[in-house]
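**Student:** File name start_20.cif; file contents mmCIF, N, CA and C atoms and all ligand atoms; full text below.
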data_data
loop_
_atom_site.label_atom_id
_atom_site.label_comp_id
_atom_site.auth_asym_id
_atom_site.auth_seq_id
_atom_site.Cartn_x
_atom_site.Cartn_y
_atom_site.Cartn_z
N MET A 1 0.83 -1.21 0.00
CA MET A 1 0.00 0.00 0.00
C MET A 1 0.87 1.26 0.00
N ASN A 2 1.90 1.29 0.88
CA ASN A 2 2.78 2.46 0.89
C ASN A 2 3.49 2.65 -0.44
N LYS A 3 3.92 1.49 -1.03
CA LYS A 3 4.62 1.59 -2.33
C LYS A 3 3.69 2.16 -3.38
N LEU A 4 2.40 1.74 -3.32
CA LEU A 4 1.44 2.23 -4.30
C LEU A 4 1.27 3.74 -4.17
N ILE A 5 1.16 4.18 -2.89
CA ILE A 5 0.98 5.62 -2.67
C ILE A 5 2.20 6.39 -3.17
N ILE A 6 3.40 5.85 -2.89
CA ILE A 6 4.61 6.54 -3.34
C ILE A 6 4.64 6.59 -4.87
N ALA A 7 4.29 5.46 -5.51
CA ALA A 7 4.30 5.43 -6.97
C ALA A 7 3.30 6.45 -7.51
N LEU A 8 2.12 6.49 -6.90
CA LEU A 8 1.10 7.43 -7.37
C LEU A 8 1.56 8.86 -7.19
N SER A 9 2.14 9.17 -6.01
CA SER A 9 2.54 10.57 -5.82
C SER A 9 3.67 10.96 -6.76
N SER A 10 4.59 10.00 -7.07
CA SER A 10 5.65 10.40 -8.01
C SER A 10 5.06 10.69 -9.38
N SER A 11 4.04 9.91 -9.81
CA SER A 11 3.48 10.21 -11.13
C SER A 11 2.79 11.56 -11.14
N VAL A 12 2.13 11.90 -10.00
CA VAL A 12 1.46 13.20 -9.96
C VAL A 12 2.50 14.31 -10.05
N ILE A 13 3.61 14.16 -9.28
CA ILE A 13 4.65 15.18 -9.31
C ILE A 13 5.27 15.28 -10.71
N LEU A 14 5.51 14.12 -11.34
CA LEU A 14 6.07 14.12 -12.68
C LEU A 14 5.11 14.82 -13.64
N ALA A 15 3.82 14.48 -13.54
CA ALA A 15 2.82 15.09 -14.44
C ALA A 15 2.77 16.60 -14.22
N LEU A 16 2.84 17.02 -12.95
CA LEU A 16 2.79 18.46 -12.67
C LEU A 16 4.01 19.17 -13.26
N SER A 17 5.21 18.56 -13.10
CA SER A 17 6.38 19.27 -13.62
C SER A 17 6.38 19.24 -15.14
N LEU A 18 5.92 18.15 -15.75
CA LEU A 18 5.81 18.15 -17.22
C LEU A 18 4.83 19.22 -17.65
N GLY A 19 3.70 19.32 -16.93
CA GLY A 19 2.69 20.32 -17.24
C GLY A 19 3.28 21.71 -17.22
N ASN A 20 4.08 22.03 -16.22
CA ASN A 20 4.69 23.35 -16.13
C ASN A 20 5.64 23.61 -17.29
N THR A 21 6.40 22.59 -17.66
CA THR A 21 7.33 22.76 -18.78
C THR A 21 6.57 23.10 -20.05
N VAL A 22 5.49 22.35 -20.29
CA VAL A 22 4.72 22.58 -21.50
C VAL A 22 4.13 23.99 -21.49
N MET A 23 3.57 24.42 -20.32
CA MET A 23 3.00 25.76 -20.23
C MET A 23 4.06 26.82 -20.52
N ALA A 24 5.28 26.64 -19.99
CA ALA A 24 6.33 27.62 -20.21
C ALA A 24 6.63 27.74 -21.70
N ASP A 25 6.68 26.60 -22.41
CA ASP A 25 6.95 26.66 -23.85
C ASP A 25 5.84 27.37 -24.61
N VAL A 26 4.58 27.06 -24.24
CA VAL A 26 3.44 27.70 -24.91
C VAL A 26 3.53 29.21 -24.72
N GLY A 27 3.80 29.66 -23.48
CA GLY A 27 3.87 31.08 -23.20
C GLY A 27 5.03 31.73 -23.91
N GLU A 28 6.18 31.08 -23.89
CA GLU A 28 7.37 31.65 -24.53
C GLU A 28 7.17 31.76 -26.04
N ASP A 29 6.63 30.70 -26.65
CA ASP A 29 6.42 30.72 -28.11
C ASP A 29 5.43 31.81 -28.49
N ALA A 30 4.31 31.90 -27.74
CA ALA A 30 3.30 32.91 -28.07
C ALA A 30 3.88 34.30 -27.89
N TYR A 31 4.63 34.51 -26.80
CA TYR A 31 5.24 35.82 -26.56
C TYR A 31 6.21 36.18 -27.69
N ASN A 32 7.07 35.23 -28.04
CA ASN A 32 8.08 35.53 -29.07
C ASN A 32 7.44 35.82 -30.41
N SER A 33 6.34 35.14 -30.75
CA SER A 33 5.77 35.37 -32.07
C SER A 33 4.90 36.63 -32.11
N ALA A 34 4.23 36.99 -31.02
CA ALA A 34 3.26 38.09 -31.10
C ALA A 34 3.68 39.36 -30.37
N CYS A 35 4.61 39.29 -29.44
CA CYS A 35 4.82 40.42 -28.53
C CYS A 35 6.26 40.93 -28.48
N ALA A 36 7.22 40.04 -28.72
CA ALA A 36 8.62 40.41 -28.50
C ALA A 36 9.09 41.51 -29.44
N SER A 37 8.45 41.65 -30.62
CA SER A 37 8.88 42.68 -31.58
C SER A 37 8.78 44.07 -30.97
N CYS A 38 7.89 44.31 -30.03
CA CYS A 38 7.79 45.62 -29.37
C CYS A 38 8.32 45.61 -27.94
N HIS A 39 7.98 44.57 -27.18
CA HIS A 39 8.35 44.57 -25.76
C HIS A 39 9.75 44.00 -25.52
N GLY A 40 10.39 43.50 -26.60
CA GLY A 40 11.77 43.06 -26.50
C GLY A 40 11.94 41.64 -26.00
N ALA A 41 13.17 41.13 -26.12
CA ALA A 41 13.50 39.78 -25.69
C ALA A 41 13.16 39.62 -24.21
N LYS A 42 12.41 38.59 -23.88
CA LYS A 42 12.00 38.27 -22.51
C LYS A 42 11.27 39.43 -21.84
N GLY A 43 10.75 40.37 -22.62
CA GLY A 43 9.97 41.49 -22.06
C GLY A 43 10.82 42.54 -21.37
N GLY A 44 12.15 42.45 -21.56
CA GLY A 44 13.04 43.32 -20.78
C GLY A 44 13.65 44.49 -21.52
N THR A 45 13.56 44.48 -22.88
CA THR A 45 14.21 45.54 -23.65
C THR A 45 13.25 46.06 -24.72
N PRO A 46 12.24 46.85 -24.31
CA PRO A 46 11.27 47.37 -25.28
C PRO A 46 11.98 48.19 -26.36
N ILE A 47 11.42 48.17 -27.59
CA ILE A 47 12.09 48.85 -28.70
C ILE A 47 12.00 50.37 -28.59
N LEU A 48 11.03 50.89 -27.87
CA LEU A 48 10.93 52.34 -27.62
C LEU A 48 10.85 52.56 -26.12
N PRO A 49 11.42 53.65 -25.63
CA PRO A 49 11.40 53.91 -24.18
C PRO A 49 9.98 54.07 -23.63
N THR A 50 9.02 54.42 -24.51
CA THR A 50 7.64 54.60 -24.04
C THR A 50 6.89 53.27 -23.95
N TYR A 51 7.45 52.19 -24.49
CA TYR A 51 6.79 50.88 -24.41
C TYR A 51 7.13 50.23 -23.06
N PRO A 52 6.12 49.69 -22.38
CA PRO A 52 6.40 49.15 -21.04
C PRO A 52 7.24 47.86 -21.05
N LYS A 53 8.09 47.75 -20.03
CA LYS A 53 8.77 46.48 -19.76
C LYS A 53 7.76 45.51 -19.16
N LEU A 54 7.82 44.27 -19.55
CA LEU A 54 6.90 43.26 -19.00
C LEU A 54 7.65 42.22 -18.17
N GLN A 55 8.97 42.26 -18.26
CA GLN A 55 9.82 41.26 -17.59
C GLN A 55 9.65 41.32 -16.08
N GLY A 56 9.42 40.14 -15.48
CA GLY A 56 9.34 40.05 -14.03
C GLY A 56 8.04 40.60 -13.45
N GLN A 57 7.15 41.04 -14.31
CA GLN A 57 5.88 41.60 -13.82
C GLN A 57 5.02 40.50 -13.19
N ASN A 58 4.32 40.86 -12.14
CA ASN A 58 3.39 39.95 -11.48
C ASN A 58 2.41 39.35 -12.50
N ALA A 59 2.31 38.01 -12.53
CA ALA A 59 1.52 37.35 -13.58
C ALA A 59 0.04 37.72 -13.51
N ALA A 60 -0.50 37.86 -12.30
CA ALA A 60 -1.93 38.20 -12.17
C ALA A 60 -2.21 39.59 -12.76
N TYR A 61 -1.26 40.51 -12.53
CA TYR A 61 -1.41 41.85 -13.10
C TYR A 61 -1.39 41.79 -14.63
N THR A 62 -0.42 41.04 -15.18
CA THR A 62 -0.30 40.97 -16.64
C THR A 62 -1.55 40.34 -17.26
N VAL A 63 -2.05 39.24 -16.65
CA VAL A 63 -3.27 38.61 -17.19
C VAL A 63 -4.41 39.61 -17.19
N LYS A 64 -4.55 40.38 -16.10
CA LYS A 64 -5.66 41.34 -16.03
C LYS A 64 -5.53 42.39 -17.13
N GLN A 65 -4.30 42.89 -17.38
CA GLN A 65 -4.13 43.91 -18.43
C GLN A 65 -4.48 43.32 -19.80
N ILE A 66 -4.02 42.08 -20.05
CA ILE A 66 -4.31 41.44 -21.35
C ILE A 66 -5.82 41.30 -21.52
N LYS A 67 -6.51 40.82 -20.47
CA LYS A 67 -7.97 40.62 -20.58
C LYS A 67 -8.69 41.96 -20.72
N ASP A 68 -8.19 43.00 -20.03
CA ASP A 68 -8.81 44.33 -20.15
C ASP A 68 -8.61 44.90 -21.56
N PHE A 69 -7.45 44.63 -22.17
CA PHE A 69 -7.24 45.05 -23.56
C PHE A 69 -8.19 44.27 -24.47
N GLN A 70 -8.38 42.96 -24.20
CA GLN A 70 -9.25 42.14 -25.04
C GLN A 70 -10.69 42.63 -24.97
N SER A 71 -11.15 42.98 -23.77
CA SER A 71 -12.55 43.38 -23.61
C SER A 71 -12.76 44.85 -23.97
N GLY A 72 -11.67 45.62 -24.05
CA GLY A 72 -11.80 47.04 -24.37
C GLY A 72 -11.93 47.92 -23.14
N VAL A 73 -11.92 47.32 -21.94
CA VAL A 73 -11.94 48.11 -20.70
C VAL A 73 -10.70 49.01 -20.65
N ARG A 74 -9.55 48.47 -21.08
CA ARG A 74 -8.34 49.28 -21.20
C ARG A 74 -8.13 49.55 -22.69
N LYS A 75 -7.99 50.80 -23.04
CA LYS A 75 -7.94 51.16 -24.47
C LYS A 75 -6.55 51.58 -24.91
N ASP A 76 -6.07 50.90 -25.94
CA ASP A 76 -4.86 51.29 -26.65
C ASP A 76 -5.00 50.64 -28.02
N PRO A 77 -5.04 51.43 -29.09
CA PRO A 77 -5.35 50.88 -30.41
C PRO A 77 -4.44 49.71 -30.78
N THR A 78 -3.16 49.80 -30.44
CA THR A 78 -2.23 48.73 -30.78
C THR A 78 -2.51 47.48 -29.97
N MET A 79 -2.54 47.64 -28.66
CA MET A 79 -2.70 46.48 -27.79
C MET A 79 -4.08 45.84 -27.92
N ASN A 80 -5.12 46.64 -28.16
CA ASN A 80 -6.46 46.07 -28.29
C ASN A 80 -6.49 45.03 -29.42
N ALA A 81 -5.74 45.26 -30.49
CA ALA A 81 -5.73 44.30 -31.60
C ALA A 81 -4.80 43.13 -31.30
N LEU A 82 -3.63 43.42 -30.72
CA LEU A 82 -2.60 42.39 -30.59
C LEU A 82 -2.94 41.30 -29.59
N VAL A 83 -3.66 41.65 -28.54
CA VAL A 83 -3.95 40.64 -27.52
C VAL A 83 -4.82 39.51 -28.06
N ASN A 84 -5.48 39.75 -29.22
CA ASN A 84 -6.29 38.68 -29.79
C ASN A 84 -5.44 37.58 -30.41
N LEU A 85 -4.14 37.82 -30.55
CA LEU A 85 -3.26 36.79 -31.10
C LEU A 85 -2.93 35.71 -30.06
N ILE A 86 -3.23 35.99 -28.78
CA ILE A 86 -2.84 35.02 -27.75
C ILE A 86 -4.04 34.55 -26.94
N ILE A 87 -5.22 34.54 -27.56
CA ILE A 87 -6.42 34.08 -26.85
C ILE A 87 -6.21 32.64 -26.37
N GLY A 88 -6.51 32.42 -25.09
CA GLY A 88 -6.34 31.09 -24.50
C GLY A 88 -4.94 30.87 -23.94
N LYS A 89 -4.02 31.79 -24.24
CA LYS A 89 -2.63 31.62 -23.78
C LYS A 89 -2.23 32.78 -22.87
N GLU A 90 -3.21 33.56 -22.39
CA GLU A 90 -2.92 34.74 -21.57
C GLU A 90 -2.09 34.36 -20.34
N GLN A 91 -2.56 33.32 -19.61
CA GLN A 91 -1.88 32.92 -18.37
C GLN A 91 -0.48 32.40 -18.67
N ALA A 92 -0.35 31.62 -19.75
CA ALA A 92 0.96 31.05 -20.09
C ALA A 92 1.96 32.16 -20.43
N VAL A 93 1.50 33.18 -21.17
CA VAL A 93 2.38 34.29 -21.53
C VAL A 93 2.77 35.07 -20.26
N ALA A 94 1.76 35.32 -19.39
CA ALA A 94 2.03 36.08 -18.15
C ALA A 94 2.99 35.30 -17.24
N ASP A 95 2.81 33.99 -17.15
CA ASP A 95 3.71 33.17 -16.32
C ASP A 95 5.12 33.20 -16.88
N TYR A 96 5.24 33.12 -18.20
CA TYR A 96 6.56 33.18 -18.83
C TYR A 96 7.24 34.51 -18.48
N LEU A 97 6.51 35.63 -18.62
CA LEU A 97 7.10 36.95 -18.36
C LEU A 97 7.48 37.10 -16.88
N ALA A 98 6.62 36.61 -16.00
CA ALA A 98 6.88 36.73 -14.56
C ALA A 98 8.17 35.99 -14.17
N ALA A 99 8.47 34.93 -14.92
CA ALA A 99 9.63 34.09 -14.57
C ALA A 99 10.94 34.62 -15.16
N GLN A 100 10.88 35.71 -15.96
CA GLN A 100 12.14 36.19 -16.62
C GLN A 100 12.91 37.12 -15.69
C1 LIG A 201 3.35 47.12 -31.92
C2 LIG A 201 3.97 47.12 -30.60
C3 LIG A 201 3.40 46.18 -29.53
C4 LIG A 201 3.24 44.82 -29.62
C5 LIG A 201 3.55 43.88 -30.80
C6 LIG A 201 2.71 44.38 -28.34
N1 LIG A 201 2.59 45.45 -27.50
FE1 LIG A 201 1.97 45.40 -25.55
N2 LIG A 201 2.08 47.39 -25.44
C7 LIG A 201 2.49 48.23 -26.46
C8 LIG A 201 2.32 49.61 -26.02
C9 LIG A 201 2.65 50.85 -26.84
C10 LIG A 201 1.77 49.56 -24.71
C11 LIG A 201 1.37 50.73 -23.80
C12 LIG A 201 -0.13 50.90 -23.97
C13 LIG A 201 -0.75 51.80 -22.94
O1 LIG A 201 -0.11 52.77 -22.51
O2 LIG A 201 -1.89 51.53 -22.52
C14 LIG A 201 1.65 48.15 -24.37
C15 LIG A 201 1.19 47.70 -23.15
C16 LIG A 201 1.14 46.37 -22.78
C17 LIG A 201 0.79 45.89 -21.46
C18 LIG A 201 0.46 46.73 -20.25
C19 LIG A 201 1.70 46.88 -19.40
C20 LIG A 201 1.46 47.56 -18.10
O3 LIG A 201 2.44 47.79 -17.38
O4 LIG A 201 0.31 47.88 -17.74
C21 LIG A 201 0.85 44.54 -21.50
C22 LIG A 201 0.58 43.56 -20.37
C23 LIG A 201 1.22 44.18 -22.84
N3 LIG A 201 1.40 45.30 -23.61
C24 LIG A 201 1.35 42.88 -23.27
C25 LIG A 201 1.57 42.53 -24.60
C26 LIG A 201 1.46 41.20 -25.10
C27 LIG A 201 1.13 39.98 -24.24
C28 LIG A 201 1.73 41.25 -26.43
C29 LIG A 201 1.65 40.10 -27.42
C30 LIG A 201 0.32 39.59 -27.66
C31 LIG A 201 2.01 42.63 -26.77
N4 LIG A 201 1.89 43.38 -25.63
C32 LIG A 201 2.37 43.07 -28.04
C33 LIG A 201 3.00 47.86 -27.68
C34 LIG A 201 2.99 46.57 -28.19
#
If you took the structure in this file and wrote it as structure tokens, what would it be?
Ligand code: HEC

**Tutor:**
Amino acid sequence: MNKLIIALSSSVILALSLGNTVMADVGEDAYNSACASCHGAKGGTPILPTYPKLQGQNAAYTVKQIKDFQSGVRKDPTMNALVNLIIGKEQAVADYLAAQ
């Protein structure tokens, strides 16, 4: 019984860590294809000084800004259009940026 529990918990831990790896790749790929051209590599070197840095930003804050741009609650002509390129990947992109 103990061996079964240990085996089960290791598979859960393995599944969780694999899950995180996959999420990081999804977020990184989406960020690099849709966002890095303005916000810079890993969100840390925006191409213009007026563009915000996203690197290390709290993930919950970033998700809220992305969703507010999607719904139009937060208005910026550029961002309102671009956030539609990452629908369904908001959390993954925010987690990727928070970890940089
Ligand atoms: C064409 C350039 C450009 C691209 C591409 C771009 N952004 Fe932006 N982003 C901006 C600008 C400019 C602002 C500032 C808008 C404002 O002041 O409201 C901004 C603001 C943001 C903010 C708000 C930051 C804060 O501190 O409140 C987030 C989050 C963000 N962008 C995420 C993204 C994501 C995710 C992508 C990819 C889907 C992306 N951006 C693609 C130009 C861009």

**Student:** At what distance in Å, to one decimal, does atom N of A:Pro49 lie from atom CA of A:Val93?

**Tutor:** 21.8 Å

**Student:** At a cut-off of 10 Å and counting only C-alpha atoms and all ligand atoms, what residues surround ligand LIG 201 (chain A)? Please answer as a count of residues only.

**Tutor:** 56

**Student:** Check the DSSP output for the backbone and give back, as a list in words, the residues of stretch 40-86 of chain A in alpha helix (DSSP H).

**Tutor:** Ala59, Ala60, Tyr61, Thr62, Val63, Lys64, Gln65, Ile66, Lys67, Asp68, Phe69, Gln70, Ser71, Pro77, Thr78, Met79, Asn80, Ala81 and Leu82 of chain A

**Student:** Measuring between all atoms listed in the file, which one of A:Gly56, A:Val73, A:Asp29, A:Thr45 shows the shortest distance to A:Ala99?

**Tutor:** A:Gly56

**Student:** Expressed in Å to a single decimal, how great is the separation between atom CA of A:Ala41 and atom C of A:Ser71?

**Tutor:**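 For atom CA of A:Ala41 relative to atom C of A:Ser71, the distance reads 26.8 Å.
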
**Student:** Quick check, in Å to one decimal: how far apart do atom C of A:Gln70 and atom C of A:Lys42 lie?

**Tutor:**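 That distance, rounded to one decimal, is 22.4 Å.
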